[in-house]
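Asks: Sending over target00.tsv (TSV, C-alpha atoms and all ligand atoms).
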```tsv
chain	number	residue	atom	x	y	z
A	1	MET	CA	89.48	86.69	111.29
A	2	LYS	CA	92.42	84.22	111.12
A	3	ASP	CA	93.07	85.04	107.46
A	4	ILE	CA	92.93	88.77	108.18
A	5	LYS	CA	95.40	88.39	111.07
A	6	ALA	CA	97.76	86.54	108.72
A	7	ILE	CA	97.48	89.42	106.24
A	8	PHE	CA	98.24	91.86	109.06
A	9	ASP	CA	101.34	89.85	110.03
A	10	ASN	CA	102.57	90.01	106.43
A	11	LEU	CA	101.94	93.75	106.38
A	12	ASP	CA	103.88	94.25	109.60
A	13	LYS	CA	106.82	92.18	108.36
A	14	LYS	CA	107.01	94.12	105.13
A	15	LEU	CA	106.25	97.61	106.44
A	16	GLU	CA	108.71	97.35	109.32
A	17	ALA	CA	111.47	96.82	106.75
A	18	VAL	CA	110.04	99.65	104.63
A	19	ALA	CA	109.84	102.03	107.62
A	20	LYS	CA	113.44	101.37	108.63
A	21	ARG	CA	114.87	102.29	105.23
A	22	ASN	CA	112.66	105.26	104.21
A	23	HIS	CA	113.20	108.46	106.17
A	24	ASN	CA	113.68	111.11	103.53
A	25	LYS	CA	110.76	110.50	101.26
A	26	LEU	CA	107.13	111.32	100.63
A	27	PRO	CA	106.32	108.37	98.36
A	28	TYR	CA	103.53	108.27	95.80
A	29	THR	CA	104.38	105.15	93.79
A	30	THR	CA	107.26	102.76	93.19
A	31	VAL	CA	109.68	102.45	90.31
A	32	ASP	CA	111.14	98.94	90.07
A	33	GLY	CA	110.19	98.30	93.70
A	34	VAL	CA	111.68	101.55	95.05
A	35	TYR	CA	109.58	104.46	96.31
A	36	ASP	CA	109.67	107.68	94.31
A	37	ASN	CA	109.85	110.93	96.30
A	38	LYS	CA	107.24	113.67	95.91
A	39	TYR	CA	109.14	115.78	98.44
A	40	GLU	CA	111.63	116.47	95.66
A	41	THR	CA	109.12	117.04	92.88
A	42	ASP	CA	105.85	118.32	94.41
A	43	VAL	CA	105.62	118.75	98.17
A	44	CYS	CA	101.95	119.88	97.81
A	45	TRP	CA	100.92	116.68	96.01
A	46	TRP	CA	97.58	115.45	97.37
A	47	THR	CA	98.85	112.03	98.46
A	48	ASN	CA	101.76	113.24	100.57
A	49	GLY	CA	100.06	112.49	103.92
A	50	PHE	CA	99.41	108.83	103.17
A	51	TYR	CA	102.90	107.49	103.88
A	52	PRO	CA	103.07	109.02	107.38
A	53	GLY	CA	99.41	108.02	107.79
A	54	LEU	CA	100.25	104.41	106.92
A	55	MET	CA	103.05	104.48	109.46
A	56	TRP	CA	100.57	105.63	112.13
A	57	VAL	CA	98.10	102.85	111.24
A	58	MET	CA	100.94	100.38	111.84
A	59	TYR	CA	102.14	102.17	114.96
A	60	ASN	CA	98.65	102.07	116.44
A	61	ALA	CA	98.40	98.35	115.85
A	62	THR	CA	101.94	97.41	116.98
A	63	LYS	CA	103.35	100.30	119.06
A	64	LYS	CA	106.71	99.78	117.31
A	65	ASP	CA	108.93	102.87	117.45
A	66	CYS	CA	110.18	102.41	113.89
A	67	TYR	CA	106.71	103.38	112.61
A	68	LYS	CA	106.49	106.50	114.80
A	69	GLU	CA	109.97	107.59	113.71
A	70	ALA	CA	109.20	107.07	110.01
A	71	ALA	CA	105.91	109.00	110.34
A	72	ARG	CA	107.55	111.95	112.10
A	73	ALA	CA	110.41	112.13	109.58
A	74	ALA	CA	107.90	112.29	106.72
A	75	GLN	CA	105.78	114.88	108.53
A	76	LYS	CA	108.81	117.14	108.82
A	77	LEU	CA	109.14	117.11	105.04
A	78	LEU	CA	105.39	117.55	104.51
A	79	LYS	CA	105.26	120.72	106.63
A	80	GLU	CA	107.14	122.57	103.89
A	81	ALA	CA	103.96	122.46	101.81
A	82	PHE	CA	102.56	125.22	104.03
A	83	ASN	CA	105.12	127.56	102.42
A	84	ASN	CA	103.30	127.23	99.09
A	85	ARG	CA	99.76	128.35	99.84
A	86	ASP	CA	98.72	128.58	96.18
A	87	GLY	CA	99.86	125.02	95.61
A	88	LEU	CA	97.44	123.66	98.20
A	89	HIS	CA	93.86	122.48	97.62
A	90	HIS	CA	91.03	120.69	99.43
A	91	ASP	CA	93.21	117.60	99.90
A	92	VAL	CA	94.82	119.29	102.91
A	93	GLY	CA	92.26	117.05	104.66
A	94	PHE	CA	93.93	113.85	103.48
A	95	MET	CA	97.40	115.38	103.90
A	96	TRP	CA	97.23	116.43	107.52
A	97	TYR	CA	94.37	114.54	109.19
A	98	LEU	CA	96.00	111.19	108.48
A	99	SER	CA	99.52	112.37	109.33
A	100	GLU	CA	99.71	114.99	112.09
A	101	GLY	CA	96.06	114.38	113.06
A	102	SER	CA	96.86	110.73	113.72
A	103	ASP	CA	100.04	111.73	115.55
A	104	TYR	CA	98.02	113.91	117.93
A	105	ILE	CA	95.21	111.38	118.37
A	106	LEU	CA	97.67	108.57	119.11
A	107	THR	CA	100.41	110.38	121.05
A	108	GLY	CA	98.86	113.64	122.29
A	109	ASP	CA	101.67	115.65	120.67
A	110	LYS	CA	100.74	119.33	120.95
A	111	SER	CA	102.56	120.57	117.84
A	112	ALA	CA	100.90	117.84	115.75
A	113	ARG	CA	97.54	119.12	117.01
A	114	ASP	CA	98.43	122.67	115.98
A	115	THR	CA	99.50	121.57	112.51
A	116	ALA	CA	96.31	119.59	111.93
A	117	LEU	CA	94.26	122.58	113.10
A	118	TYR	CA	96.10	124.91	110.67
A	119	ALA	CA	95.15	122.52	107.90
A	120	ALA	CA	91.52	122.56	109.10
A	121	ASP	CA	91.56	126.37	108.90
A	122	MET	CA	92.81	126.17	105.32
A	123	LEU	CA	90.10	123.68	104.38
A	124	ALA	CA	87.35	125.70	106.06
A	125	ALA	CA	88.55	128.81	104.20
A	126	ARG	CA	87.75	127.07	100.91
A	127	PHE	CA	84.03	127.10	101.73
A	128	ASN	CA	81.93	128.95	99.19
A	129	LEU	CA	79.33	130.81	101.26
A	130	LYS	CA	77.05	131.48	98.30
A	131	GLY	CA	77.15	127.92	97.04
A	132	GLY	CA	77.32	126.05	100.34
A	133	PHE	CA	80.17	123.77	99.29
A	134	ILE	CA	83.94	123.41	99.56
A	135	ARG	CA	85.88	124.42	96.49
A	136	ALA	CA	88.07	121.54	95.32
A	137	TRP	CA	90.84	123.04	93.23
A	138	ASN	CA	92.42	126.40	92.42
A	139	GLU	CA	92.48	128.14	89.06
A	140	GLU	CA	94.49	126.33	86.41
A	141	ASN	CA	95.38	127.39	82.85
A	142	GLY	CA	92.83	130.21	82.97
A	143	LEU	CA	90.05	127.89	84.19
A	144	LYS	CA	88.69	129.39	87.41
A	145	ARG	CA	87.09	126.20	88.83
A	146	ASP	CA	85.71	128.14	91.80
A	147	THR	CA	82.34	126.35	91.71
A	148	TRP	CA	83.72	122.86	91.09
A	149	THR	CA	83.28	120.14	93.68
A	150	ILE	CA	84.56	116.58	93.58
A	151	ILE	CA	83.28	113.50	95.39
A	152	ASP	CA	86.76	112.86	96.85
A	153	CYS	CA	86.20	115.81	99.22
A	154	MET	CA	83.93	113.60	101.33
A	155	MET	CA	87.18	112.16	102.66
A	156	ASN	CA	88.67	115.58	103.42
A	157	ILE	CA	85.85	116.85	105.60
A	158	PRO	CA	86.53	114.48	108.54
A	159	LEU	CA	89.36	116.91	109.39
A	160	LEU	CA	86.67	119.57	109.93
A	161	TYR	CA	84.48	117.37	112.14
A	162	TRP	CA	87.55	116.58	114.25
A	163	ALA	CA	88.59	120.26	114.48
A	164	SER	CA	85.08	121.23	115.60
A	165	LYS	CA	85.21	118.83	118.50
A	166	GLU	CA	88.84	119.57	119.31
A	167	ILE	CA	88.36	123.31	119.79
A	168	ASP	CA	84.65	123.22	120.58
A	169	ASP	CA	83.67	125.42	117.62
A	170	GLU	CA	80.70	124.26	115.59
A	171	ARG	CA	81.60	126.29	112.49
A	172	TYR	CA	83.90	123.60	111.10
A	173	ALA	CA	81.25	120.87	111.43
A	174	LEU	CA	78.60	123.14	109.90
A	175	ILE	CA	80.84	123.61	106.85
A	176	ALA	CA	81.44	119.85	106.64
A	177	LYS	CA	77.72	119.09	106.87
A	178	ALA	CA	76.77	121.71	104.28
A	179	HIS	CA	79.27	120.13	101.90
A	180	ALA	CA	78.06	116.58	102.66
A	181	ASP	CA	74.45	117.64	102.03
A	182	MET	CA	75.42	119.11	98.65
A	183	ALA	CA	77.30	115.91	97.75
A	184	MET	CA	74.35	113.75	98.79
A	185	GLY	CA	72.15	115.59	96.31
A	186	ASP	CA	74.52	116.42	93.45
A	187	HIS	CA	77.23	113.75	93.44
A	188	VAL	CA	75.26	110.66	94.51
A	189	ARG	CA	72.77	109.36	91.97
A	190	ASP	CA	69.56	107.52	92.88
A	191	ASN	CA	71.08	104.08	92.18
A	192	GLY	CA	74.10	104.69	94.45
A	193	SER	CA	76.53	105.46	91.62
A	194	THR	CA	78.37	108.79	91.71
A	195	ASN	CA	79.38	111.81	89.65
A	196	HIS	CA	83.06	112.59	90.03
A	197	ILE	CA	82.99	116.34	89.29
A	198	CYS	CA	80.05	118.73	89.67
A	199	ILE	CA	79.98	122.33	88.48
A	200	HIS	CA	77.49	124.57	90.25
A	201	ASP	CA	75.64	127.73	89.33
A	202	ASN	CA	77.25	130.51	91.32
A	203	GLU	CA	73.99	132.33	92.04
A	204	ASP	CA	71.44	129.72	93.02
A	205	ARG	CA	73.88	126.88	93.93
A	206	SER	CA	72.09	124.46	91.58
A	207	LEU	CA	73.96	121.76	89.68
A	208	SER	CA	74.74	123.05	86.20
A	209	GLU	CA	77.06	120.37	84.77
A	210	THR	CA	78.79	117.11	85.64
A	211	LEU	CA	82.16	115.92	84.30
A	212	GLY	CA	83.49	112.37	84.01
A	213	GLY	CA	86.76	113.38	85.70
A	214	GLN	CA	88.96	110.35	86.35
A	215	GLY	CA	86.26	107.98	85.13
A	216	LEU	CA	85.37	106.79	81.63
A	217	LYS	CA	83.03	109.60	80.59
A	218	VAL	CA	80.26	111.96	81.67
A	219	GLY	CA	77.55	109.94	83.44
A	220	SER	CA	79.71	106.86	84.10
A	221	CYS	CA	80.79	105.78	87.58
A	222	TRP	CA	84.50	105.99	88.44
A	223	SER	CA	84.99	103.26	91.03
A	224	ARG	CA	87.40	105.17	93.29
A	225	GLY	CA	85.01	108.11	93.37
A	226	ASN	CA	82.25	105.74	94.46
A	227	ALA	CA	84.61	104.37	97.12
A	228	TRP	CA	85.34	107.88	98.40
A	229	ALA	CA	81.57	108.31	98.77
A	230	ILE	CA	81.13	105.03	100.68
A	231	TYR	CA	83.86	105.74	103.22
A	232	GLY	CA	83.25	109.49	103.24
A	233	PHE	CA	79.54	109.26	104.05
A	234	ALA	CA	80.25	106.52	106.61
A	235	GLN	CA	82.70	108.94	108.26
A	236	SER	CA	80.16	111.76	108.17
A	237	PHE	CA	77.76	109.43	109.99
A	238	LEU	CA	80.39	108.50	112.58
A	239	HIS	CA	81.10	112.16	113.31
A	240	THR	CA	77.50	113.45	113.32
A	241	ASN	CA	75.30	110.43	114.05
A	242	GLU	CA	72.94	111.67	111.31
A	243	LYS	CA	71.24	108.68	109.70
A	244	LYS	CA	70.95	110.28	106.26
A	245	TYR	CA	74.73	109.96	105.89
A	246	LEU	CA	74.70	106.29	106.86
A	247	ASP	CA	71.83	105.65	104.42
A	248	THR	CA	73.85	107.32	101.66
A	249	ALA	CA	76.95	105.26	102.48
A	250	VAL	CA	74.80	102.10	102.36
A	251	LYS	CA	73.27	103.09	99.01
A	252	CYS	CA	76.72	103.58	97.46
A	253	ALA	CA	78.08	100.40	99.09
A	254	ASP	CA	75.18	98.33	97.72
A	255	TYR	CA	75.96	99.63	94.23
A	256	PHE	CA	79.70	98.86	94.64
A	257	ILE	CA	79.11	95.36	96.05
A	258	ASP	CA	76.62	94.50	93.31
A	259	LYS	CA	79.34	95.30	90.76
A	260	VAL	CA	82.42	93.73	92.37
A	261	GLU	CA	80.80	90.44	93.35
A	262	LYS	CA	80.65	89.84	89.59
A	263	THR	CA	84.38	90.66	89.10
A	264	ASN	CA	85.92	88.45	91.81
A	265	TRP	CA	85.92	91.34	94.33
A	266	ILE	CA	88.38	93.46	92.34
A	267	ALA	CA	86.94	96.75	91.05
A	268	PRO	CA	87.36	97.92	87.49
A	269	SER	CA	88.56	101.52	87.17
A	270	ASP	CA	85.11	102.56	85.98
A	271	PHE	CA	81.97	100.51	86.56
A	272	ASP	CA	80.74	101.39	83.06
A	273	GLN	CA	83.91	100.44	81.17
A	274	GLY	CA	83.66	97.78	78.48
A	275	ASP	CA	85.54	94.47	78.15
A	276	GLU	CA	87.63	95.80	75.26
A	277	HIS	CA	89.74	97.98	77.59
A	278	TRP	CA	89.52	96.39	81.04
A	279	ILE	CA	91.44	98.32	83.70
A	280	ILE	CA	91.34	97.44	87.37
A	281	ASP	CA	91.92	99.72	90.36
A	282	THR	CA	92.86	97.96	93.60
A	283	SER	CA	92.79	101.27	95.50
A	284	ALA	CA	89.02	101.55	94.96
A	285	GLY	CA	88.37	98.24	96.70
A	286	ALA	CA	90.63	99.07	99.65
A	287	ILE	CA	88.89	102.43	100.26
A	288	ALA	CA	85.39	101.01	99.81
A	289	ALA	CA	86.18	98.09	102.12
A	290	CYS	CA	87.03	100.52	104.95
A	291	GLY	CA	83.62	102.15	104.52
A	292	MET	CA	81.93	98.74	104.47
A	293	VAL	CA	83.52	97.80	107.80
A	294	GLU	CA	82.13	101.00	109.33
A	295	ILE	CA	78.70	100.28	107.80
A	296	TRP	CA	78.80	96.77	109.28
A	297	LYS	CA	79.70	98.18	112.70
A	298	ALA	CA	76.89	100.77	112.49
A	299	THR	CA	74.16	98.47	111.14
A	300	GLY	CA	75.19	95.02	112.36
A	301	ASN	CA	74.58	93.73	108.83
A	302	ALA	CA	77.27	91.10	108.10
A	303	LYS	CA	76.85	91.57	104.33
A	304	TYR	CA	79.16	94.59	104.57
A	305	ARG	CA	81.79	92.88	106.74
A	306	ASP	CA	81.85	89.88	104.40
A	307	ALA	CA	82.18	92.09	101.33
A	308	ALA	CA	85.09	93.96	102.95
A	309	ILE	CA	86.81	90.67	103.82
A	310	ASN	CA	86.30	89.34	100.29
A	311	ILE	CA	87.86	92.48	98.80
A	312	ILE	CA	90.84	92.41	101.17
A	313	LYS	CA	91.47	88.70	100.63
A	314	ALA	CA	91.22	88.94	96.84
A	315	THR	CA	93.61	91.91	96.85
A	316	ALA	CA	96.06	90.17	99.20
A	317	GLU	CA	96.09	86.96	97.18
A	318	LYS	CA	96.45	88.41	93.70
A	319	TYR	CA	97.84	91.93	93.85
A	320	CYS	CA	100.13	92.37	96.87
A	321	ASP	CA	103.92	92.37	96.72
A	322	TRP	CA	105.12	90.75	99.96
A	323	ASP	CA	108.85	90.89	99.16
A	324	ILE	CA	110.39	92.86	102.04
A	325	GLU	CA	113.28	94.10	99.88
A	326	ARG	CA	110.84	96.05	97.69
A	327	ASP	CA	108.79	99.15	98.65
A	328	GLY	CA	105.02	99.21	98.13
A	329	VAL	CA	102.45	96.55	99.01
A	330	VAL	CA	99.28	96.87	96.91
A	331	MET	CA	99.92	96.81	93.17
A	332	TYR	CA	97.53	97.39	90.25
A	333	GLY	CA	96.11	100.74	91.28
A	334	SER	CA	95.05	103.05	88.46
A	335	GLU	CA	95.10	106.85	88.56
A	336	ALA	CA	92.25	107.29	86.14
A	337	TYR	CA	90.52	105.47	83.30
A	338	ASN	CA	91.68	107.67	80.40
A	339	THR	CA	95.40	107.62	81.11
A	340	ASN	CA	98.43	105.40	80.75
A	341	SER	CA	99.08	105.70	84.48
A	342	ILE	CA	97.45	102.41	85.34
A	343	HIS	CA	98.16	99.11	87.08
A	344	LYS	CA	100.80	100.54	89.39
A	345	HIS	CA	101.58	100.90	93.04
A	346	LEU	CA	99.72	103.82	94.69
A	347	VAL	CA	100.57	104.80	98.26
A	348	TYR	CA	96.93	105.38	99.21
A	349	ALA	CA	96.03	101.81	98.21
A	350	ASP	CA	98.52	100.67	100.86
A	351	TYR	CA	97.10	103.14	103.35
A	352	TYR	CA	93.47	102.02	103.00
A	353	PHE	CA	94.36	98.34	102.67
A	354	ALA	CA	96.24	98.52	106.00
A	355	GLU	CA	93.49	100.64	107.56
A	356	CYS	CA	90.84	98.10	106.58
A	357	VAL	CA	92.85	95.19	107.97
A	358	ALA	CA	93.36	97.17	111.20
A	359	LEU	CA	89.65	98.05	111.36
A	360	LEU	CA	88.67	94.41	110.91
A	361	LEU	CA	91.02	93.47	113.76
A	362	GLY	CA	89.58	96.20	116.01
A	363	ASN	CA	92.62	98.50	115.80
A	364	SER	CA	91.13	101.71	114.47
A	365	ARG	CA	92.90	105.01	115.14
A	366	THR	CA	90.44	106.14	117.78
A	367	ASN	CA	90.25	103.01	119.87
B	1	LIG	N1	91.65	112.42	94.82
B	1	LIG	C1	92.15	112.04	93.56
B	1	LIG	C2	92.10	110.59	93.30
B	1	LIG	O1	91.41	109.85	93.96
B	1	LIG	O2	92.77	110.16	92.38
```
Could you render the structure from this file as structure tokens?
Ligand code: GLY
Replies:
Amino acid sequence: MKDIKAIFDNLDKKLEAVAKRNHNKLPYTTVDGVYDNKYETDVCWWTNGFYPGLMWVMYNATKKDCYKEAARAAQKLLKEAFNNRDGLHHDVGFMWYLSEGSDYILTGDKSARDTALYAADMLAARFNLKGGFIRAWNEENGLKRDTWTIIDCMMNIPLLYWASKEIDDERYALIAKAHADMAMGDHVRDNGSTNHICIHDNEDRSLSETLGGQGLKVGSCWSRGNAWAIYGFAQSFLHTNEKKYLDTAVKCADYFIDKVEKTNWIAPSDFDQGDEHWIIDTSAGAIAACGMVEIWKATGNAKYRDAAINIIKATAEKYCDWDIERDGVVMYGSEAYNTNSIHKHLVYADYYFAECVALLLGNSRTN
């Protein structure tokens, strides 16, 4: 792990400088090496918990106060999102489990616990009793979207597993498991690839249509969606100990590894894209690598540890900006295949990159 420790030391050097100069922002990306600020433009934006979350990953590994202070300052801004209920969505899981949830887990802060539990209540309230799944988004432009689910939600439901244990109420975990079971059947295909968006029949809960979403097209496999499945099912296994979730994580990881070992461990935006328009997405690798570390720890199979290390090293060597004067670490993330918003810094790529390095060094949030 010498190389991984060296990557961690670079992260700490850079992020300490970042933490000390950024106290009034909820960053999403960088413009010319400077964080933008979603607090000013969209406080409900789905990625707004990742910057405080990143600060907690670094705090857990170093215990430096600058990280705790930066996380708490960002959380204060993020709380204003609760004033816009209609602007919120299923990503309240990402937003508050990684921010205030981490704060509580790492420091025992009572108000952080309350905030994370409020978010869990909001996520649980999105459960569709008839369909047995969590609704992803709200109505938009006349499109109701009340029976739409997206694979990304596998990474929101850990908030529910945590809430269940925290207040000793099994309802939250039952909702999470019902959703995971739906995703196992409807989002994950037999070969371990994934559907991004599923639309369900409102009466019999069957799958009526799939959409390509942020991937290339209907039926293709968007790499970040596949990564959400790998880490999401691994997390469902960690919280429930149910082997079917680990098996699903392994199936998706095998698919991902088979693809990226042919592309020097850097994922394309969509695994079915052609050479004529080759887009990469570094965030997909960082997320998937976290799931692979958990699979390695659960199975003892070094294939998954080695794949995670290969992804992290390839990303660190080719796509990280280590200049401490500039914000943002992992470059070349892509929002979606069919967009111009590609090959840019994305705050969640930094979050999962740092989380994977911390996991490999034995510094996960709960240990
Ligand atoms: N959850 C949206 C995305 O991964 O871009």
Asks: Given only C-alpha atoms, how would the per-residue table for region 161-246 of chain A near region 135-152 of chain A read, listing every residue at most 8 Å away with its closest atom pair and distance in Å to one decimal, sorted by chain and number, as JSON lines?
Replies:
```
{"residue": "A:Ala183", "atom": "CA", "partner": "A:Ile151", "partner_atom": "CA", "distance": 6.9}
{"residue": "A:His187", "atom": "CA", "partner": "A:Ile151", "partner_atom": "CA", "distance": 6.4}
{"residue": "A:Thr194", "atom": "CA", "partner": "A:Ile151", "partner_atom": "CA", "distance": 7.7}
{"residue": "A:Asn195", "atom": "CA", "partner": "A:Ile151", "partner_atom": "CA", "distance": 7.1}
{"residue": "A:His196", "atom": "CA", "partner": "A:Ile151", "partner_atom": "CA", "distance": 5.4}
{"residue": "A:Ile197", "atom": "CA", "partner": "A:Ile150", "partner_atom": "CA", "distance": 4.6}
{"residue": "A:Cys198", "atom": "CA", "partner": "A:Thr149", "partner_atom": "CA", "distance": 5.3}
{"residue": "A:Ile199", "atom": "CA", "partner": "A:Trp148", "partner_atom": "CA", "distance": 4.6}
{"residue": "A:His200", "atom": "CA", "partner": "A:Thr147", "partner_atom": "CA", "distance": 5.4}
{"residue": "A:Asp201", "atom": "CA", "partner": "A:Thr147", "partner_atom": "CA", "distance": 7.2}
{"residue": "A:Asn202", "atom": "CA", "partner": "A:Thr147", "partner_atom": "CA", "distance": 6.6}
{"residue": "A:Gly225", "atom": "CA", "partner": "A:Ile151", "partner_atom": "CA", "distance": 6.0}
{"residue": "A:Asn226", "atom": "CA", "partner": "A:Ile151", "partner_atom": "CA", "distance": 7.9}
{"residue": "A:Trp228", "atom": "CA", "partner": "A:Asp152", "partner_atom": "CA", "distance": 5.4}
{"residue": "A:Ala229", "atom": "CA", "partner": "A:Ile151", "partner_atom": "CA", "distance": 6.4}
```
Asks: Give me the residues within 8 Å of region 70-79 of chain A as JSON, numbers by chain, counting all atoms listed in the file and dropping any in the same chain fewer than 4 places off.
Replies: {"A": [19, 20, 22, 23, 24, 25, 26, 39, 43, 44, 48, 49, 51, 52, 53, 55, 56, 66, 99, 100]}
Asks: What does the list of residues within 8 Å of ligand LIG 1 (chain B) look like if you count all atoms listed in the file, written as a count of residues only?
Replies: 10
Asks: Calculated over all atoms listed in the file, which of the candidates A:Gly333, A:Gly213, A:Gly232, A:Gly328 has the smallest distance to Ile295 (chain A)?
Replies: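 Closest to Ile295 (chain A), using all atoms listed in the file: A:Gly232.
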Asks: Between A:Ile324, A:Ala163, A:Cys252, A:Cys356, which residue has the minimum interatomic distance to Asp12 (chain A), considering all atoms listed in the file?
Replies: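 Among A:Ile324, A:Ala163, A:Cys252, A:Cys356, it is A:Ile324 that comes nearest to Asp12 (chain A).
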Asks: Calculate how many Å separate CA of Gly192 (chain A) from CA of Glu294 (chain A), rounding to one decimal.
Replies: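 The value is 17.3 Å.
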Asks: Using only C-alpha atoms, which of A:Asn128, A:Phe353, A:Ile175, A:Ser164 sits nearest Met58 (chain A)?
Replies: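 Between A:Asn128, A:Phe353, A:Ile175, A:Ser164, the residue approaching Met58 (chain A) most closely is A:Phe353.
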Asks: Compile the contact shell of Asp323 (chain A) as a short mmCIF file (atom, residue, chain, number, x, y, z; two decimals) with C-alpha atoms, in the frame of the given file: residues with an atom at most 12 Å away, counting only C-alpha atoms, same-chain residues fewer than 5 positions apart removed.
Replies:
```
data_model
loop_
_atom_site.label_atom_id
_atom_site.label_comp_id
_atom_site.auth_asym_id
_atom_site.auth_seq_id
_atom_site.Cartn_x
_atom_site.Cartn_y
_atom_site.Cartn_z
CA ASN A 10 102.57 90.01 106.43
CA LEU A 11 101.94 93.75 106.38
CA LYS A 13 106.82 92.18 108.36
CA LYS A 14 107.01 94.12 105.13
CA LEU A 15 106.25 97.61 106.44
CA ALA A 17 111.47 96.82 106.75
CA VAL A 18 110.04 99.65 104.63
CA GLY A 33 110.19 98.30 93.70
CA VAL A 34 111.68 101.55 95.05
CA GLY A 328 105.02 99.21 98.13
CA VAL A 329 102.45 96.55 99.01
CA VAL A 330 99.28 96.87 96.91
#
```
Asks: Tell me which of A:Asn84, A:Thr47, A:Ser269, A:Asn310 sits closest to Tyr28 (chain A), counting all atoms listed in the file.
Replies: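 Among the listed residues, the smallest separation from Tyr28 (chain A) belongs to A:Thr47.
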Asks: One decimal, in Å: what's the spacing between CA of Asp321 (chain A) and CA of Glu276 (chain A)?
Replies: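 According to the coordinates, CA of Asp321 (chain A) and CA of Glu276 (chain A) are separated by 27.2 Å.
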Asks: Since the input has fewer atoms than a full residue there, write region 288-301 of chain A out with N, CA, C and O atoms, as a PDB file, in the frame of the given file.
Replies:
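Done, and the output landed in rebuild-v3.pdb:
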```
ATOM      1  N   ALA A 288      86.789 101.410  99.608  1.00  0.00           N
ATOM      2  CA  ALA A 288      85.390 101.010  99.810  1.00  0.00           C
ATOM      3  C   ALA A 288      85.267 100.023 100.962  1.00  0.00           C
ATOM      4  O   ALA A 288      84.325 100.093 101.775  1.00  0.00           O
ATOM      5  N   ALA A 289      86.238  99.111 101.057  1.00  0.00           N
ATOM      6  CA  ALA A 289      86.180  98.090 102.120  1.00  0.00           C
ATOM      7  C   ALA A 289      86.224  98.736 103.502  1.00  0.00           C
ATOM      8  O   ALA A 289      85.535  98.282 104.423  1.00  0.00           O
ATOM      9  N   CYS A 290      87.009  99.810 103.652  1.00  0.00           N
ATOM     10  CA  CYS A 290      87.030 100.520 104.950  1.00  0.00           C
ATOM     11  C   CYS A 290      85.625 101.034 105.278  1.00  0.00           C
ATOM     12  O   CYS A 290      85.143 100.895 106.415  1.00  0.00           O
ATOM     13  N   GLY A 291      84.982 101.638 104.290  1.00  0.00           N
ATOM     14  CA  GLY A 291      83.620 102.150 104.520  1.00  0.00           C
ATOM     15  C   GLY A 291      82.664 101.019 104.863  1.00  0.00           C
ATOM     16  O   GLY A 291      81.788 101.160 105.730  1.00  0.00           O
ATOM     17  N   MET A 292      82.836  99.881 104.205  1.00  0.00           N
ATOM     18  CA  MET A 292      81.930  98.740 104.470  1.00  0.00           C
ATOM     19  C   MET A 292      82.096  98.223 105.894  1.00  0.00           C
ATOM     20  O   MET A 292      81.119  97.826 106.532  1.00  0.00           O
ATOM     21  N   VAL A 293      83.330  98.241 106.406  1.00  0.00           N
ATOM     22  CA  VAL A 293      83.520  97.800 107.800  1.00  0.00           C
ATOM     23  C   VAL A 293      82.773  98.751 108.742  1.00  0.00           C
ATOM     24  O   VAL A 293      82.091  98.312 109.681  1.00  0.00           O
ATOM     25  N   GLU A 294      82.852 100.054 108.457  1.00  0.00           N
ATOM     26  CA  GLU A 294      82.130 101.000 109.330  1.00  0.00           C
ATOM     27  C   GLU A 294      80.614 100.820 109.189  1.00  0.00           C
ATOM     28  O   GLU A 294      79.876 100.957 110.173  1.00  0.00           O
ATOM     29  N   ILE A 295      80.136 100.519 107.988  1.00  0.00           N
ATOM     30  CA  ILE A 295      78.700 100.280 107.800  1.00  0.00           C
ATOM     31  C   ILE A 295      78.282  99.033 108.590  1.00  0.00           C
ATOM     32  O   ILE A 295      77.249  99.014 109.268  1.00  0.00           O
ATOM     33  N   TRP A 296      79.090  97.990 108.511  1.00  0.00           N
ATOM     34  CA  TRP A 296      78.800  96.770 109.280  1.00  0.00           C
ATOM     35  C   TRP A 296      78.730  97.091 110.777  1.00  0.00           C
ATOM     36  O   TRP A 296      77.799  96.676 111.473  1.00  0.00           O
ATOM     37  N   LYS A 297      79.692  97.876 111.268  1.00  0.00           N
ATOM     38  CA  LYS A 297      79.700  98.180 112.700  1.00  0.00           C
ATOM     39  C   LYS A 297      78.472  99.018 113.092  1.00  0.00           C
ATOM     40  O   LYS A 297      77.912  98.866 114.176  1.00  0.00           O
ATOM     41  N   ALA A 298      78.032  99.894 112.169  1.00  0.00           N
ATOM     42  CA  ALA A 298      76.890 100.770 112.490  1.00  0.00           C
ATOM     43  C   ALA A 298      75.553 100.060 112.353  1.00  0.00           C
ATOM     44  O   ALA A 298      74.606 100.376 113.079  1.00  0.00           O
ATOM     45  N   THR A 299      75.465  99.106 111.414  1.00  0.00           N
ATOM     46  CA  THR A 299      74.160  98.470 111.140  1.00  0.00           C
ATOM     47  C   THR A 299      74.056  97.059 111.698  1.00  0.00           C
ATOM     48  O   THR A 299      72.951  96.529 111.833  1.00  0.00           O
ATOM     49  N   GLY A 300      75.194  96.427 111.944  1.00  0.00           N
ATOM     50  CA  GLY A 300      75.190  95.020 112.360  1.00  0.00           C
ATOM     51  C   GLY A 300      74.956  94.067 111.209  1.00  0.00           C
ATOM     52  O   GLY A 300      74.863  92.851 111.413  1.00  0.00           O
ATOM     53  N   ASN A 301      74.871  94.583 109.984  1.00  0.00           N
ATOM     54  CA  ASN A 301      74.580  93.730 108.830  1.00  0.00           C
ATOM     55  C   ASN A 301      75.890  93.118 108.298  1.00  0.00           C
ATOM     56  O   ASN A 301      76.735  93.822 107.753  1.00  0.00           O
TER      57      ASN A 301
END
```
